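Novice: Please read through the structure below; I'll follow up with questions.
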Amino acid sequence: MRLLCIALFLLAPAVRAEVDVQVKLLSNDALEVSYTLPAACRALPFDKNGDDGRATRASWQALDQCGTADANQLARSGEVCPVLRFRVPAAIRQTGYSAAFPMGQGVYTHMSNYAVGDGCGKVSYRFAAPGIAANGRAYSGTAPAEAGPDTPALLLAAPLPQQDGETPSYFDPRLSPATVANIRTVADGTVAYLRRAMPDAVFRRPVVAAAFVAAPGTPYVGGDASDVLRLALYNWPADPSPGVQAKATLLVAHEFSHRFQLRDAVDSYPDARLIHEGGGEFLRWMASLHNGWLTPAQAAEELDEALATCILYSDTKSWRQLTPRQIGVNRLEYKCGLPAYVYALAARQGGEAPMARINAFYRSLRQGAQPDFAQALECGGAATPSCQPRWLPRLLGADGPMERQWQALFAGTGLATPQPPSQAVRDAMVLRAFVKLMNDDCGGRSGTTETSDGVILDGMKACKTFHTDAYVTAIEGLPVFGHPATGGTMAAACTARHQLVLGLKDGGTLAVPCAEPYRMRQQFHRADIVKLLSALGVQ
């Protein structure tokens with residue numbers, strides 16, 4: 001019996017030791033992540049892996065000889081060190097939630113980039129910095145243990161001022177008072193509108209973190225809407241023009257709109273990205289109209305531009321034929337998503353208001369159901385059980401080119417009318433023609449960078465003609481952008497001579513073979529904004 005007890009003891013699993021993950025502020029442009037592992041633990045898988053993991057951890061620098069962190073796993077080296085440490089430099093271009101994004105006086109981080117499996121025991125996560133904003137609160141020193149593998153945080157060189165009863169906010173001191181005031185106004189206006197329009201939504205105010213970011217190019221914006229709502233204002237002027245200011249208004253309203261949605265609850269839907277990002281755009285568009293940040297004419301222009309982009313980049317494909325990469329790279333979840341919401345809700349059946357249907361869709365998700373997306377928008381609730389959605393199944397289906405489905409919707413509803421392409425759309429088609437030109441010359445590969453006076457084509461070994469970079473400013477004697485005849489001339493030369501002559505910025509020329517021209521569409525769509533807003537119940 002004694003021998004049996006000893007044997008059972010040896011076979012029993014050992015009590016697992018814990019793993020400690022700490023993300024600490026090193027400077028305003030770098031973090032340190034440390035992993036404290038039990039002695040017997042040799043490796044752990046990263047939750048974020050594959051291509052995303054490789055991109056995230058490519059810049060990590062080991063601070064000792066204790067271990068490595070690659071695309072898929074954290075691993076010990078030959079030495080058995082209790083702690084594995086890595087320096088994580090801040091970067092302004094990252095995929096998904098950032099591992100380290102510079103915010104002026106600190107760094108934004110998202111723990112999902114550091115999270116590991118529990119094969120060596122329970123994993124605990126914590127942040128360390130003089131000032132920390134996370135979980136809707138401001139902390140000094142180390143944040144409490146409720147940090148988890150999906151927790152965002154703002155790590156600062158100094159604590160944020162105490163704000164009694166308020167969710168903390170951080171504004172980079174390089175942002176002007178007028179910019180800060182605009183962010184606050186748009187945030188408050190968006191929240192006020194959506195609280196009324198979606199009364200069943202559970203809104204939790206995020207920590208707002210807004211930063212000035214220096215980067216090549218003109219002013220633009222970026223961000224994400226986790227519990228620390230990151231707003232990145234690139235090259236932001238102290239006194240922005242109305243057009244530049246509109247970019248910040250769009251960003252803030254869009255990101256705050258996400259706080260009224262349930263991203264994780266739609267992850268299992270085939271069109272999860274379009275439902276979430278297109279929905280965020282629709283809520284932002286409606287809030288902006290309600291608050292006067294968009295005039296009806298501006299709202300129509302945004303809608304027309306989004307639809308034109310959707311049609312151009314879906315090309316001859318149905319929505320179901322587009323790959324996730326084609327959708328993501330071209331932002332079609334936004335550009336197709338906004339008009340899909342707007343037109344489907346304007347053409348809805350039954351009397352329930354559009355925002356009431358959005359509210360009901362998320363209420364149902366919150367209760368654990370999985371309502372059909374098209375049914376919820378076009379038919380509404382249980383009051384119309386016999387209703388069948390007419391447009392979204394076609395727009396987001398596999399039956400023929402998406403462009404054809406839009407034409408059918410407008411023919412059936414009269415909510416938009418044909419229009420020739422705007423100059424912005426003509427320029428977009430010229431850029432698409434360059435992509436096709438490179439794909440044909442470079443074995444299906446292309447690399448283009450749009451500039452104010454042309455386009456830079458990346459030279460590649462796989463190309464027959466584009467061996468070196470080419471900065472193109474003219475096509476067949478016409479400017480690349482801004483001229484109404486450039487696209488047509490490009491197509492005509494390709495058809496007649498099977499060749500295009502490109503004018504280069506350095507004064508030279510480059511003759512490029514062109515087997516088949518890019519199709520320059522002559523018709524797009526103009527929203528009948530009066531009819532549309534009336535159908536949506538917008539006063």
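FYI, nothing fancy with the structure tokens labels: chains A, B, ... in order, residues from 1 per chain, ligands from 1 as they appear.
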Find the residues near Gln388 (chain A): any atom within 10 Å, counting only C-alpha atoms, skip ones fewer than 5 places away on the same chain, and give them as JSON, numbers by chain.
Specialist: {"A": [349, 374, 375, 378, 379, 393]}
Novice: Could you save the residues just selected, with all heavy atoms, as a PDB file, in the first residue's frame?
Specialist:
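The resulting out.pdb:
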ATOM      1  N   GLN A 349     -38.401  47.902 -44.818  1.00  0.00           N
ATOM      2  CA  GLN A 349     -39.823  47.599 -44.800  1.00  0.00           C
ATOM      3  C   GLN A 349     -40.354  47.775 -43.370  1.00  0.00           C
ATOM      4  O   GLN A 349     -39.658  47.488 -42.404  1.00  0.00           O
ATOM      5  CB  GLN A 349     -40.054  46.165 -45.267  1.00  0.00           C
ATOM      6  CG  GLN A 349     -39.494  45.886 -46.665  1.00  0.00           C
ATOM      7  CD  GLN A 349     -39.473  44.411 -46.986  1.00  0.00           C
ATOM      8  OE1 GLN A 349     -40.503  43.754 -46.999  1.00  0.00           O
ATOM      9  NE2 GLN A 349     -38.281  43.881 -47.240  1.00  0.00           N
ATOM     10  N   ALA A 374     -29.245  41.154 -42.001  1.00  0.00           N
ATOM     11  CA  ALA A 374     -30.096  41.743 -43.042  1.00  0.00           C
ATOM     12  C   ALA A 374     -31.541  41.838 -42.570  1.00  0.00           C
ATOM     13  O   ALA A 374     -32.222  42.846 -42.812  1.00  0.00           O
ATOM     14  CB  ALA A 374     -30.002  40.922 -44.322  1.00  0.00           C
ATOM     15  N   GLN A 375     -32.020  40.812 -41.901  1.00  0.00           N
ATOM     16  CA  GLN A 375     -33.385  40.814 -41.389  1.00  0.00           C
ATOM     17  C   GLN A 375     -33.577  41.931 -40.368  1.00  0.00           C
ATOM     18  O   GLN A 375     -34.592  42.640 -40.370  1.00  0.00           O
ATOM     19  CB  GLN A 375     -33.692  39.455 -40.741  1.00  0.00           C
ATOM     20  CG  GLN A 375     -35.125  39.267 -40.293  1.00  0.00           C
ATOM     21  CD  GLN A 375     -36.029  38.782 -41.410  1.00  0.00           C
ATOM     22  OE1 GLN A 375     -35.536  38.319 -42.431  1.00  0.00           O
ATOM     23  NE2 GLN A 375     -37.338  38.883 -41.218  1.00  0.00           N
ATOM     24  N   GLU A 378     -33.419  45.472 -42.435  1.00  0.00           N
ATOM     25  CA  GLU A 378     -34.444  45.731 -43.445  1.00  0.00           C
ATOM     26  C   GLU A 378     -35.863  45.455 -42.956  1.00  0.00           C
ATOM     27  O   GLU A 378     -36.814  46.063 -43.445  1.00  0.00           O
ATOM     28  CB  GLU A 378     -34.164  44.900 -44.700  1.00  0.00           C
ATOM     29  CG  GLU A 378     -32.906  45.321 -45.442  1.00  0.00           C
ATOM     30  CD  GLU A 378     -32.864  44.755 -46.842  1.00  0.00           C
ATOM     31  OE1 GLU A 378     -33.874  44.872 -47.564  1.00  0.00           O
ATOM     32  OE2 GLU A 378     -31.824  44.180 -47.220  1.00  0.00           O
ATOM     33  N   CYS A 379     -35.994  44.531 -41.997  1.00  0.00           N
ATOM     34  CA  CYS A 379     -37.335  44.130 -41.562  1.00  0.00           C
ATOM     35  C   CYS A 379     -37.655  44.540 -40.132  1.00  0.00           C
ATOM     36  O   CYS A 379     -38.827  44.610 -39.760  1.00  0.00           O
ATOM     37  CB  CYS A 379     -37.488  42.619 -41.697  1.00  0.00           C
ATOM     38  SG  CYS A 379     -37.410  42.043 -43.404  1.00  0.00           S
ATOM     39  N   PRO A 393     -28.928  40.934 -48.671  1.00  0.00           N
ATOM     40  CA  PRO A 393     -28.465  39.617 -49.135  1.00  0.00           C
ATOM     41  C   PRO A 393     -27.865  39.657 -50.537  1.00  0.00           C
ATOM     42  O   PRO A 393     -26.959  38.869 -50.856  1.00  0.00           O
ATOM     43  CB  PRO A 393     -29.739  38.758 -49.094  1.00  0.00           C
ATOM     44  CG  PRO A 393     -30.593  39.408 -48.051  1.00  0.00           C
ATOM     45  CD  PRO A 393     -30.334  40.883 -48.222  1.00  0.00           C
TER      46      PRO A 393
END
Novice: Need the shell around Phe410 (chain A): protein/DNA/RNA residues with any atom at most 12 Å away, counting only C-alpha atoms. Skip same-chain ones fewer than 3 positions apart. Format as a list in words?
Specialist: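 The residues that qualify are Pro339, Tyr343, Ala344, Ala346, Ala347, Trp391, Leu395, Glu403, Arg404, Gln405, Trp406, Gln407, Thr413, Gly414, Leu415, Ala416, Thr417, Pro418, Phe524, His525, Arg526, Ala527, Asp528 and Leu532 of chain A.
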Novice: With N, CA, C and O atoms retained, write the just-selected residues as a short mmCIF file (atom, residue, chain, number, x, y, z; two decimals), in the first residue's frame.
Specialist:
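Result went into selection.cif, see below:
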data_model
loop_
_atom_site.label_atom_id
_atom_site.label_comp_id
_atom_site.auth_asym_id
_atom_site.auth_seq_id
_atom_site.Cartn_x
_atom_site.Cartn_y
_atom_site.Cartn_z
N PRO A 339 -22.49 52.91 -47.16
CA PRO A 339 -23.67 52.93 -48.06
C PRO A 339 -24.57 51.72 -47.86
O PRO A 339 -25.79 51.83 -48.05
N TYR A 343 -28.38 52.86 -47.33
CA TYR A 343 -29.39 52.56 -48.34
C TYR A 343 -30.32 51.42 -47.90
O TYR A 343 -31.51 51.44 -48.21
N ALA A 344 -29.78 50.42 -47.20
CA ALA A 344 -30.64 49.34 -46.74
C ALA A 344 -31.66 49.85 -45.72
O ALA A 344 -32.84 49.44 -45.76
N ALA A 346 -32.71 53.01 -45.47
CA ALA A 346 -33.64 53.92 -46.15
C ALA A 346 -34.69 53.16 -46.94
O ALA A 346 -35.82 53.63 -47.10
N ALA A 347 -34.33 51.96 -47.42
CA ALA A 347 -35.27 51.14 -48.20
C ALA A 347 -35.95 50.08 -47.34
O ALA A 347 -36.53 49.13 -47.87
N TRP A 391 -32.35 43.71 -50.12
CA TRP A 391 -31.15 44.30 -50.70
C TRP A 391 -29.85 43.81 -50.10
O TRP A 391 -28.90 43.50 -50.84
N LEU A 395 -26.46 42.56 -51.99
CA LEU A 395 -25.24 43.37 -51.94
C LEU A 395 -24.08 42.59 -51.34
O LEU A 395 -22.93 42.73 -51.78
N GLU A 403 -21.25 45.82 -58.15
CA GLU A 403 -21.69 46.99 -58.89
C GLU A 403 -23.09 46.79 -59.47
O GLU A 403 -23.92 47.69 -59.43
N ARG A 404 -23.36 45.59 -59.97
CA ARG A 404 -24.68 45.29 -60.54
C ARG A 404 -25.76 45.32 -59.45
O ARG A 404 -26.88 45.75 -59.69
N GLN A 405 -25.42 44.88 -58.26
CA GLN A 405 -26.40 44.87 -57.18
C GLN A 405 -26.75 46.29 -56.74
O GLN A 405 -27.90 46.59 -56.41
N TRP A 406 -25.76 47.19 -56.74
CA TRP A 406 -26.05 48.59 -56.43
C TRP A 406 -26.98 49.19 -57.49
O TRP A 406 -27.92 49.92 -57.16
N GLN A 407 -26.72 48.89 -58.74
CA GLN A 407 -27.58 49.41 -59.81
C GLN A 407 -29.02 48.93 -59.64
O GLN A 407 -29.98 49.70 -59.82
N THR A 413 -35.40 51.63 -55.99
CA THR A 413 -35.76 52.55 -54.90
C THR A 413 -35.74 54.02 -55.30
O THR A 413 -36.39 54.84 -54.64
N GLY A 414 -34.98 54.38 -56.32
CA GLY A 414 -34.85 55.79 -56.69
C GLY A 414 -34.10 56.63 -55.68
O GLY A 414 -34.18 57.86 -55.70
N LEU A 415 -33.31 55.98 -54.79
CA LEU A 415 -32.59 56.71 -53.74
C LEU A 415 -31.29 57.34 -54.25
O LEU A 415 -30.67 58.14 -53.55
N ALA A 416 -30.86 56.99 -55.45
CA ALA A 416 -29.67 57.60 -56.06
C ALA A 416 -29.87 57.59 -57.57
O ALA A 416 -30.61 56.76 -58.12
N THR A 417 -29.22 58.52 -58.23
CA THR A 417 -29.33 58.66 -59.68
C THR A 417 -27.94 58.57 -60.32
O THR A 417 -26.93 58.84 -59.66
N PRO A 418 -27.88 58.21 -61.61
CA PRO A 418 -26.58 58.11 -62.27
C PRO A 418 -25.88 59.48 -62.34
O PRO A 418 -26.53 60.52 -62.47
N PHE A 524 -21.29 56.62 -62.19
CA PHE A 524 -21.37 56.29 -60.77
C PHE A 524 -22.74 56.74 -60.27
O PHE A 524 -23.69 56.76 -61.05
N HIS A 525 -22.86 57.09 -58.99
CA HIS A 525 -24.18 57.35 -58.45
C HIS A 525 -24.15 58.58 -57.54
O HIS A 525 -23.19 58.79 -56.80
N ARG A 526 -25.22 59.36 -57.62
CA ARG A 526 -25.39 60.52 -56.75
C ARG A 526 -26.59 60.28 -55.85
O ARG A 526 -27.70 60.01 -56.32
N ALA A 527 -26.39 60.37 -54.55
CA ALA A 527 -27.48 60.19 -53.61
C ALA A 527 -28.52 61.29 -53.78
O ALA A 527 -28.18 62.47 -53.90
N ASP A 528 -29.78 60.90 -53.79
CA ASP A 528 -30.87 61.88 -53.71
C ASP A 528 -31.03 62.17 -52.22
O ASP A 528 -31.81 61.52 -51.52
N LEU A 532 -33.40 60.60 -49.39
CA LEU A 532 -32.70 59.68 -48.49
C LEU A 532 -32.90 60.08 -47.03
O LEU A 532 -33.25 59.24 -46.18
#
Novice: Go through A:His258, A:His483, A:Arg184, A:Lys48 and flag the residue nearest Ser112 (chain A), using only C-alpha atoms for the distances.
Specialist: A:Lys48
Novice: Output as a ChimeraX atom specification all residues of region 422-534 of chain A that backbone DSSP marks as strand (DSSP E).
Specialist: /A:448-451,454-457,470-475,478-479,499-504,509-513,524-527
Novice: With distances taken over only C-alpha atoms, which of A:Ala147, A:Val244, A:Val266, A:Ile529 is nearest to Tyr220 (chain A)?
Specialist: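 With only C-alpha atoms as the atom set, the closest residue is A:Val244.
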Novice: For Ala138 (chain A), list every protein, DNA or RNA residue within 7 Å, evaluated using only C-alpha atoms, and leave out those in the same chain fewer than 4 positions away; present the list as a ChimeraX atom specification.
Specialist: /A:132-134,160,168
Novice: Atoms to include: N, CA, C and O atoms. Write the selected residues as a PDB file, in the first residue's frame.
Specialist:
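As written to disk, selection_4.pdb reads:
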ATOM      1  N   ILE A 132      -0.377  55.967 -14.961  1.00  0.00           N
ATOM      2  CA  ILE A 132      -1.050  54.934 -15.750  1.00  0.00           C
ATOM      3  C   ILE A 132      -2.526  55.290 -15.856  1.00  0.00           C
ATOM      4  O   ILE A 132      -3.155  55.672 -14.862  1.00  0.00           O
ATOM      5  N   ALA A 133      -3.065  55.166 -17.070  1.00  0.00           N
ATOM      6  CA  ALA A 133      -4.505  55.298 -17.275  1.00  0.00           C
ATOM      7  C   ALA A 133      -5.000  54.001 -17.894  1.00  0.00           C
ATOM      8  O   ALA A 133      -4.560  53.617 -18.982  1.00  0.00           O
ATOM      9  N   ALA A 134      -5.887  53.304 -17.183  1.00  0.00           N
ATOM     10  CA  ALA A 134      -6.422  52.023 -17.639  1.00  0.00           C
ATOM     11  C   ALA A 134      -7.698  51.734 -16.870  1.00  0.00           C
ATOM     12  O   ALA A 134      -7.915  52.260 -15.771  1.00  0.00           O
ATOM     13  N   LEU A 160      -1.467  61.482 -14.226  1.00  0.00           N
ATOM     14  CA  LEU A 160      -2.482  62.421 -14.671  1.00  0.00           C
ATOM     15  C   LEU A 160      -3.087  63.131 -13.462  1.00  0.00           C
ATOM     16  O   LEU A 160      -3.179  62.544 -12.380  1.00  0.00           O
ATOM     17  N   PRO A 168     -10.529  59.632 -16.733  1.00  0.00           N
ATOM     18  CA  PRO A 168      -9.410  60.515 -17.083  1.00  0.00           C
ATOM     19  C   PRO A 168      -9.234  60.684 -18.585  1.00  0.00           C
ATOM     20  O   PRO A 168      -9.623  59.822 -19.380  1.00  0.00           O
TER      21      PRO A 168
END
Novice: Can you tell me which residues surround Ala470 (chain A) at a distance of at most 7 Å, considering only C-alpha atoms, apart from same-chain residues fewer than 2 positions away, and format the answer as a PyMOL selection string?
Specialist: chain A and resi 456-458+468+472+504
Novice: Would you pick out the contacts of Gln298 (chain A) at 10 Å or less, using only C-alpha atoms, so that residues sharing its chain but fewer than 5 positions from it are not included, and give the list as a VMD selection string?
Specialist: chain A and resid 289 293 303 to 304 529
Novice: For region 436-443 of chain A, list every protein, DNA or RNA residue within 12 Å, evaluated using only C-alpha atoms, and leave out those in the same chain fewer than 3 positions away; present the list as JSON, numbers by chain.
Specialist: {"A": [429, 430, 431, 432, 433, 446, 447, 448, 456, 457, 458, 459, 460, 461, 462, 463, 464, 465, 466, 467, 468, 469, 470, 490, 491, 494, 498, 499, 500, 502, 511, 512, 513, 514, 515, 516, 517, 518, 519]}
Novice: Which residues come within 7 Å of Asp227 (chain A), counting only C-alpha atoms, excluding same-chain residues fewer than 6 positions away, as a list in words?
Specialist: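 Those residues are Asn135, Pro152, Pro206 and Val207 of chain A.
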Novice: Given the selection you just returned, output its residues as a file containing C-alpha atoms, formatted as a PDB file, in the first residue's frame.
Specialist:
ATOM      1  CA  ASN A 135      -9.775  50.479 -16.772  1.00  0.00           C
ATOM      2  CA  PRO A 152      -5.095  48.626 -23.055  1.00  0.00           C
ATOM      3  CA  PRO A 206     -13.237  55.246 -22.282  1.00  0.00           C
ATOM      4  CA  VAL A 207     -10.011  56.950 -21.297  1.00  0.00           C
TER       5      VAL A 207
END
Novice: Could you give me, as a list in words, each residue of region 90-187 of chain A that DSSP assigns to alpha helix (DSSP H) when run on this structure's backbone?
Specialist: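 Listing alpha helix (DSSP H) positions across region 90-187 of chain A yields Pro177, Ala178, Thr179, Val180, Ala181, Asn182, Ile183, Arg184, Thr185, Val186 and Ala187 of chain A.
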Novice: Let me make sure I understand: among A:Ala58, A:Trp236, A:Arg205, A:Leu44, which one has the smallest atom-to-atom distance to Gly165 (chain A) if we use only C-alpha atoms?
Specialist: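 Selected residue with least distance to Gly165 (chain A): A:Arg205.
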Novice: Identify which of the residues A:Ala100, A:Leu31, A:Val202, A:Leu345 lies closest to Ala535 (chain A), counting only C-alpha atoms when measuring atom-to-atom distances.
Specialist: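 Among the listed residues, the smallest separation from Ala535 (chain A) belongs to A:Leu345.
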Novice: Take CA of Phe434 (chain A) and CA of Val480 (chain A) and report the distance between them in Å, one decimal.
Specialist: 10.1 Å
